[in-house]
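Colleague: File name query.cif; file contents mmCIF, C-alpha atoms; full text below.
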```cif
data_upload
#
loop_
_atom_site.label_atom_id
_atom_site.label_comp_id
_atom_site.auth_asym_id
_atom_site.auth_seq_id
_atom_site.Cartn_x
_atom_site.Cartn_y
_atom_site.Cartn_z
CA MET N 25 16.05 -4.43 2.49
CA ILE N 26 17.53 -4.53 -1.02
CA THR N 27 20.54 -2.23 -1.24
CA SER N 28 22.34 -3.42 -4.37
CA ASN N 29 21.63 -2.80 -8.06
CA SER N 30 23.04 -6.27 -8.76
CA ASN N 31 20.22 -7.94 -6.83
CA PRO N 32 18.47 -10.43 -9.19
CA GLN N 33 15.04 -8.94 -8.47
CA VAL N 34 16.26 -5.46 -9.32
CA LYS N 35 17.87 -6.68 -12.54
CA ASN N 36 14.66 -8.44 -13.53
CA ILE N 37 12.50 -5.36 -12.92
CA ILE N 38 14.84 -3.27 -15.08
CA GLN N 39 14.40 -5.85 -17.86
CA LEU N 40 10.61 -5.77 -17.46
CA VAL N 41 10.64 -1.98 -17.65
CA LYS N 42 12.83 -1.85 -20.74
CA LYS N 43 12.03 -4.92 -22.82
CA ALA N 44 8.74 -6.13 -24.26
CA LYS N 45 10.31 -9.57 -24.74
CA ALA N 46 10.87 -9.95 -20.99
CA ARG N 47 7.33 -8.77 -20.26
CA ASN N 48 5.86 -11.23 -22.75
CA GLU N 49 7.94 -14.17 -21.56
CA GLN N 50 7.03 -13.62 -17.90
CA ARG N 51 3.47 -12.38 -18.58
CA LEU N 52 4.16 -9.50 -16.20
CA PHE N 53 4.22 -5.71 -16.40
CA VAL N 54 5.27 -2.86 -14.12
CA VAL N 55 3.12 -0.09 -12.66
CA GLU N 56 4.44 2.84 -10.66
CA GLY N 57 2.97 5.47 -8.38
CA VAL N 58 0.37 5.70 -5.63
CA LYS N 59 -2.66 6.19 -7.91
CA MET N 60 -1.80 3.34 -10.27
CA PHE N 61 -1.05 0.98 -7.38
CA ALA N 62 -4.26 1.89 -5.55
CA GLU N 63 -6.37 1.26 -8.68
CA ALA N 64 -4.65 -1.97 -9.76
CA PRO N 65 -6.90 -5.03 -9.40
CA LYS N 66 -5.65 -6.87 -6.32
CA GLU N 67 -5.78 -10.23 -8.09
CA TRP N 68 -3.30 -8.96 -10.71
CA ILE N 69 -0.63 -7.97 -8.16
CA ARG N 70 2.32 -10.37 -7.90
CA GLN N 71 4.94 -8.32 -6.03
CA VAL N 72 5.20 -4.84 -4.49
CA TYR N 73 8.37 -2.79 -4.00
CA VAL N 74 8.62 0.40 -1.95
CA SER N 75 11.50 2.75 -1.34
CA GLU N 76 12.87 3.08 2.18
CA SER N 77 11.65 6.68 2.49
CA PHE N 78 8.19 5.79 1.14
CA GLU N 79 7.69 3.04 3.70
CA THR N 80 8.54 5.26 6.66
CA LYS N 81 5.95 7.97 5.91
CA LYS N 82 2.83 7.77 8.08
CA GLU N 83 0.49 8.73 5.24
CA HIS N 84 1.44 5.51 3.39
CA LYS N 85 0.65 3.13 6.24
CA GLU N 86 -2.99 2.66 5.17
CA LEU N 87 -2.03 2.09 1.52
CA LEU N 88 0.44 -0.62 2.53
CA ALA N 89 -1.81 -2.29 5.12
CA HIS N 90 -2.29 -5.99 4.34
CA VAL N 91 0.28 -5.76 1.52
CA SER N 92 3.52 -7.71 1.56
CA CYS N 93 6.28 -5.37 0.35
CA GLU N 94 9.93 -5.65 -0.55
CA VAL N 95 11.75 -2.58 0.77
CA VAL N 96 14.43 -1.07 -1.47
CA SER N 97 16.95 1.66 -0.71
CA ASP N 98 16.09 5.00 -2.33
CA SER N 99 19.09 4.89 -4.65
CA VAL N 100 18.28 1.39 -5.91
CA PHE N 101 14.60 2.26 -6.33
CA LYS N 102 15.60 5.14 -8.61
CA THR N 103 17.44 2.71 -10.90
CA MET N 104 14.35 0.47 -11.04
CA SER N 105 11.99 3.31 -11.87
CA ASP N 106 11.04 4.50 -15.35
CA THR N 107 10.19 8.02 -14.11
CA GLN N 108 12.36 11.07 -13.47
CA THR N 109 10.96 11.59 -9.97
CA PRO N 110 9.87 8.19 -8.59
CA GLN N 111 7.00 8.21 -6.10
CA GLY N 112 8.50 5.29 -4.22
CA ILE N 113 6.07 2.47 -4.96
CA LEU N 114 6.20 -0.03 -7.82
CA ALA N 115 4.33 -3.27 -8.45
CA LEU N 116 4.65 -6.26 -10.75
CA LEU N 117 1.26 -7.20 -12.20
CA GLN N 118 0.07 -10.25 -14.08
CA GLN N 119 -0.83 -9.36 -17.66
CA PRO N 120 -4.58 -9.71 -18.24
CA SER N 121 -5.82 -11.85 -21.10
CA TYR N 122 -8.97 -11.07 -23.09
CA GLY N 123 -10.63 -12.69 -26.06
CA VAL N 124 -12.54 -10.81 -28.76
CA GLU N 125 -15.76 -11.96 -27.10
CA ASP N 126 -14.87 -9.90 -24.03
CA LEU N 127 -14.95 -6.73 -26.15
CA LEU N 128 -18.38 -7.24 -27.70
CA ASN N 129 -20.72 -5.87 -25.05
CA GLN N 130 -23.90 -4.99 -26.89
CA PRO N 131 -23.99 -2.82 -28.78
CA ALA N 132 -20.23 -3.00 -29.37
CA HIS N 133 -18.30 0.29 -29.40
CA LEU N 134 -14.76 -0.55 -30.49
CA LEU N 135 -11.54 1.21 -31.33
CA VAL N 136 -9.45 -0.70 -33.89
CA LEU N 137 -5.85 0.50 -34.14
CA GLU N 138 -3.34 -0.22 -36.88
CA ASP N 139 0.34 0.26 -35.98
CA ILE N 140 -0.01 3.13 -33.51
CA GLN N 141 3.57 3.91 -32.45
CA ASP N 142 3.47 6.64 -29.82
CA PRO N 143 3.03 5.35 -26.24
CA GLY N 144 1.31 8.58 -25.20
CA ASN N 145 -1.21 8.27 -28.02
CA LEU N 146 -2.10 4.69 -27.14
CA GLY N 147 -2.39 5.48 -23.43
CA THR N 148 -4.58 8.49 -24.16
CA MET N 149 -6.88 6.36 -26.32
CA PHE N 150 -7.39 3.99 -23.39
CA ARG N 151 -8.16 6.86 -21.05
CA THR N 152 -10.54 8.72 -23.36
CA GLY N 153 -12.01 5.42 -24.52
CA GLU N 154 -13.00 4.58 -20.97
CA GLY N 155 -14.51 8.04 -20.63
CA ALA N 156 -16.52 7.56 -23.81
CA GLY N 157 -17.76 4.15 -22.66
CA ILE N 158 -16.15 1.99 -25.35
CA SER N 159 -16.44 -1.78 -25.02
CA GLY N 160 -12.81 -2.44 -25.96
CA ILE N 161 -9.71 -1.79 -28.07
CA ILE N 162 -8.29 -4.05 -30.77
CA MET N 163 -4.68 -3.47 -31.83
CA SER N 164 -2.50 -4.78 -34.62
CA ARG N 165 0.66 -6.63 -33.60
CA GLY N 166 2.61 -3.67 -35.01
CA THR N 167 1.13 -1.32 -32.41
CA VAL N 168 3.41 -0.20 -29.56
CA ASP N 169 3.40 -2.69 -26.67
CA VAL N 170 0.39 -1.96 -24.47
CA PHE N 171 2.47 -2.91 -21.40
CA ASN N 172 5.21 -0.39 -22.18
CA PRO N 173 5.56 1.66 -18.94
CA LYS N 174 4.90 4.91 -20.81
CA VAL N 175 1.66 3.50 -22.25
CA VAL N 176 0.60 2.17 -18.84
CA ARG N 177 1.31 5.53 -17.20
CA SER N 178 -0.58 7.44 -19.91
CA THR N 179 -3.72 5.34 -19.40
CA MET N 180 -4.03 6.79 -15.87
CA GLY N 181 -5.50 3.48 -14.70
CA SER N 182 -7.81 2.82 -17.65
CA ILE N 183 -5.66 -0.16 -18.69
CA PHE N 184 -7.14 -1.92 -15.65
CA ARG N 185 -10.71 -1.44 -16.87
CA VAL N 186 -10.78 -1.33 -20.68
CA PRO N 187 -10.62 -4.79 -22.32
CA PHE N 188 -8.17 -5.09 -25.20
CA PHE N 189 -6.99 -7.62 -27.75
CA VAL N 190 -3.78 -7.74 -29.80
CA ALA N 191 -4.53 -9.24 -33.21
CA GLU N 192 -1.96 -11.32 -35.05
CA ASP N 193 -4.19 -10.95 -38.12
CA LEU N 194 -5.99 -7.59 -37.92
CA LYS N 195 -7.66 -8.06 -41.29
CA GLY N 196 -9.04 -11.43 -40.21
CA ILE N 197 -10.42 -9.99 -36.95
CA ILE N 198 -12.14 -7.13 -38.80
CA GLU N 199 -13.69 -9.59 -41.25
CA GLU N 200 -14.95 -11.68 -38.32
CA LEU N 201 -16.47 -8.59 -36.68
CA LYS N 202 -18.15 -7.65 -39.95
CA ARG N 203 -19.77 -11.09 -40.04
CA ARG N 204 -21.16 -10.22 -36.60
CA ASP N 205 -22.74 -7.06 -38.03
CA VAL N 206 -20.24 -4.62 -36.53
CA LYS N 207 -20.09 -1.56 -38.82
CA HIS N 208 -16.56 -0.25 -39.42
CA TYR N 209 -15.79 3.43 -39.96
CA ALA N 210 -12.32 4.41 -41.13
CA ALA N 211 -10.93 7.81 -40.14
CA HIS N 212 -9.52 8.83 -43.53
CA LEU N 213 -8.44 11.97 -45.36
CA LEU N 214 -10.50 10.77 -48.35
CA GLY N 215 -13.62 10.22 -46.25
CA SER N 216 -16.89 10.50 -48.14
CA CYS N 217 -18.78 12.10 -45.26
CA SER N 218 -18.21 14.09 -42.09
CA TYR N 219 -17.66 12.04 -38.93
CA ASP N 220 -20.88 13.34 -37.35
CA GLU N 221 -23.19 12.13 -40.14
CA PRO N 222 -23.36 8.30 -39.74
CA ASP N 223 -25.49 6.52 -37.14
CA TYR N 224 -23.24 4.95 -34.49
CA THR N 225 -25.99 3.66 -32.19
CA GLY N 226 -25.57 0.09 -33.47
CA ALA N 227 -22.47 -2.09 -33.12
CA THR N 228 -19.64 0.21 -34.23
CA ALA N 229 -15.86 0.05 -34.71
CA PHE N 230 -13.62 3.02 -35.54
CA LEU N 231 -10.46 2.29 -37.55
CA ILE N 232 -7.49 4.51 -36.65
CA GLY N 233 -4.20 4.28 -38.51
CA ASN N 234 -0.52 4.91 -37.88
CA GLU N 235 0.43 8.48 -36.90
CA GLY N 236 2.60 9.06 -39.97
CA ASN N 237 0.98 6.93 -42.65
CA GLY N 238 -2.64 6.56 -41.63
CA LEU N 239 -4.48 3.34 -42.39
CA SER N 240 -3.02 0.90 -44.89
CA ASP N 241 -5.06 0.42 -48.07
CA ASP N 242 -5.77 -3.19 -47.03
CA ILE N 243 -7.38 -2.19 -43.75
CA ALA N 244 -9.10 0.95 -45.05
CA SER N 245 -10.72 -1.11 -47.81
CA LEU N 246 -12.55 -3.17 -45.17
CA ALA N 247 -14.42 -0.15 -43.81
CA ASP N 248 -18.14 0.12 -44.43
CA CYS N 249 -17.62 3.87 -44.66
CA ARG N 250 -14.66 6.26 -44.71
CA ILE N 251 -15.26 9.33 -42.58
CA ARG N 252 -13.38 12.59 -42.32
CA ILE N 253 -13.00 15.23 -39.64
CA PRO N 254 -13.54 18.63 -41.29
CA MET N 255 -10.50 20.91 -41.00
CA ALA N 256 -10.36 24.69 -41.05
CA GLY N 257 -7.24 26.68 -41.86
CA GLN N 258 -4.25 24.81 -43.27
CA VAL N 259 -4.41 21.84 -40.89
CA GLU N 260 -4.44 18.55 -42.81
CA SER N 261 -5.29 16.16 -39.98
CA LEU N 262 -5.46 15.75 -36.20
CA ASN N 263 -3.27 13.79 -33.83
CA ALA N 264 -4.39 10.12 -33.87
CA ALA N 265 -5.50 10.11 -30.23
CA ILE N 266 -7.48 13.34 -30.63
CA ALA N 267 -9.17 12.04 -33.79
CA ALA N 268 -10.08 8.81 -32.01
CA THR N 269 -11.47 10.79 -29.09
CA LEU N 270 -13.75 12.86 -31.33
CA LEU N 271 -15.16 9.74 -32.96
CA MET N 272 -15.67 7.84 -29.70
CA TYR N 273 -17.42 10.77 -28.05
CA GLU N 274 -19.67 11.32 -31.08
CA ALA N 275 -20.79 7.70 -30.73
CA ALA N 276 -21.26 8.22 -26.98
CA ARG N 277 -23.31 11.39 -27.64
CA GLN N 278 -25.58 9.58 -30.07
CA ARG N 279 -26.09 6.69 -27.64
CA ARG N 280 -27.12 9.08 -24.85
#
```
With the file now loaded, output its structure as structure tokens.

Modeller:
Amino acid sequence: MITSNSNPQVKNIIQLVKKAKARNEQRLFVVEGVKMFAEAPKEWIRQVYVSESFETKKEHKELLAHVSCEVVSDSVFKTMSDTQTPQGILALLQQPSYGVEDLLNQPAHLLVLEDIQDPGNLGTMFRTGEGAGISGIIMSRGTVDVFNPKVVRSTMGSIFRVPFFVAEDLKGIIEELKRRDVKHYAAHLLGSCSYDEPDYTGATAFLIGNEGNGLSDDIASLADCRIRIPMAGQVESLNAAIAATLLMYEAARQRR
């Protein structure tokens, strides 16, 4: 049993929790909690850690059957955890790798994100995207790290099932998708039509911009159409994740 915070494994997990650089170098990320562990693809799992009190509970025996675990004292586990009240189970997972081709199930239904910064927003987009049946998410390099523990937690397991791609050149990827007849719709305050007017039954991508600044002019200019979400009262715009959800579910409604 690991009982010291100075244990090399403990130190490494803390680095993986806190630093995107460590996650990228090792191609690993951390998931916590019973639900996330139970849903994680078994082939992604590299190491499992459980707290001493977690291991001793009878109700966890089935979950841990056929799993090799490293047991950690409760106090050390708390230092490893990114949550206020750790559930007592944590796993290191191999980062998945997808190409753009993996996101183009016909007809494509994509979310294209430029510089989203809030981990909760990105995680929510994964979760609602799965619910709306999207084929994948494309993100700019300036978007918050998808393997940030707060993002992972916010996906509620959808990160295991929704393919995604981080684009070094977002403009180039959009241009490539356009050559493949994917129509791009930019959520924009200057949209020329309401979001529920276009036909999204063909290959479709929704462009969603940064929470504070929206889409850059460069990216917005690539859209086939700029769409707006009508606002009542004095509200100027919606939260990025909520706006994305409305658009994805309108496409899902049309496809039903």

Colleague: Could you give me, as a ChimeraX atom specification, the residues within 6 Å of range 73-78 of chain N, counting all atoms listed in the file and dropping anything in the same chain fewer than 6 positions from it?

Modeller: /N:93-98,101,112-114

Colleague: How would the residues just chosen look if you wrote them out with C-alpha atoms as a PDB file, in the coordinates of the input?

Modeller:
```
ATOM      1  CA  CYS N  93       6.280  -5.370   0.350  1.00  0.00           C
ATOM      2  CA  GLU N  94       9.930  -5.650  -0.550  1.00  0.00           C
ATOM      3  CA  VAL N  95      11.750  -2.580   0.770  1.00  0.00           C
ATOM      4  CA  VAL N  96      14.430  -1.070  -1.470  1.00  0.00           C
ATOM      5  CA  SER N  97      16.950   1.660  -0.710  1.00  0.00           C
ATOM      6  CA  ASP N  98      16.090   5.000  -2.330  1.00  0.00           C
ATOM      7  CA  PHE N 101      14.600   2.260  -6.330  1.00  0.00           C
ATOM      8  CA  GLY N 112       8.500   5.290  -4.220  1.00  0.00           C
ATOM      9  CA  ILE N 113       6.070   2.470  -4.960  1.00  0.00           C
ATOM     10  CA  LEU N 114       6.200  -0.030  -7.820  1.00  0.00           C
TER      11      LEU N 114
END
```

Colleague: Would you list the contacts of range 268-275 of chain N as a PyMOL selection string, taking every protein, DNA or RNA residue within 12 Å and counting all atoms listed in the file, but skipping same-chain residues closer than 6 positions in sequence?

Modeller: chain N and resi 131-137+140+145-161+208-212+218-235+251-254+261-262

Colleague: Would you list the residues near (3.0, 2.4, -31.3) (no more than 6 Å away, in the coordinates of the file, using only C-alpha atoms) as a PyMOL selection string?

Modeller: chain N and resi 139-143+167-168

Colleague: Figure out the distance between CA of Phe53 in chain N and CA of Phe171 in chain N, please, to one decimal in Å.

Modeller: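 If I compute the distance from CA of Phe171 in chain N to CA of Phe53 in chain N, I get 6.0 Å.
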
Colleague: Using Å and a single decimal, report how far CA of Gln111 in chain N sits from CA of Phe61 in chain N.

Modeller: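 Distance reported for this atom pair: 10.9 Å.
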
Colleague: Going by the chain IDs and residue numbers used in this file, which residues fall under the PyMOL selection byres ((chain N and resi 188-202) around 9)? Write them as number ranges by chain.

Modeller: N: 121-124, 126-127, 136-138, 159-167, 170, 183, 186-187, 203-208, 229, 242-243, 246-248

Colleague: With only C-alpha atoms as the basis for distance, which of N:Ala115, N:Val100, N:Val55, N:Ala46 is at the shortest distance from Pro173 in chain N?

Modeller: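 Using only C-alpha atoms, the shortest distance to Pro173 in chain N belongs to N:Val55.
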
Colleague: Assuming 4 Å of padding per side, give the centre and edge lengths of the axis-aligned box around every listed atom of range 93-107 of chain N, in Å to one decimal and as lines of an AutoDock Vina configuration file.

Modeller:
```
center_x = 12.7
center_y = 1.2
center_z = -7.3
size_x = 20.8
size_y = 21.7
size_z = 24.1
```

Colleague: Since I can't run it myself right now, could you work out what the PyMOL selection byres ((chain N and resi 116) around 7) selects here and report it as a ChimeraX atom specification?

Modeller: /N:52-55,69-72,115,117-118

Colleague: Mind listing as JSON, numbers by chain all residues within 9 Å of (10.2, -4.2, -26.5), counting only C-alpha atoms?

Modeller: {"N": [42, 43, 44, 45, 46, 47, 168, 169, 172]}

Colleague: Neighbours of Asn29 in chain N within 8 Å (all atoms listed in the file; same-chain residues fewer than 3 positions away dropped), as an NGL selection string?

Modeller: :N and (34-35 or 100 or 103)

Colleague: Could you check how far CA of Ile266 in chain N sits from CA of Leu214 in chain N, in Å to one decimal?

Modeller: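 Calculated distance between CA of Ile266 in chain N and CA of Leu214 in chain N is 18.2 Å.
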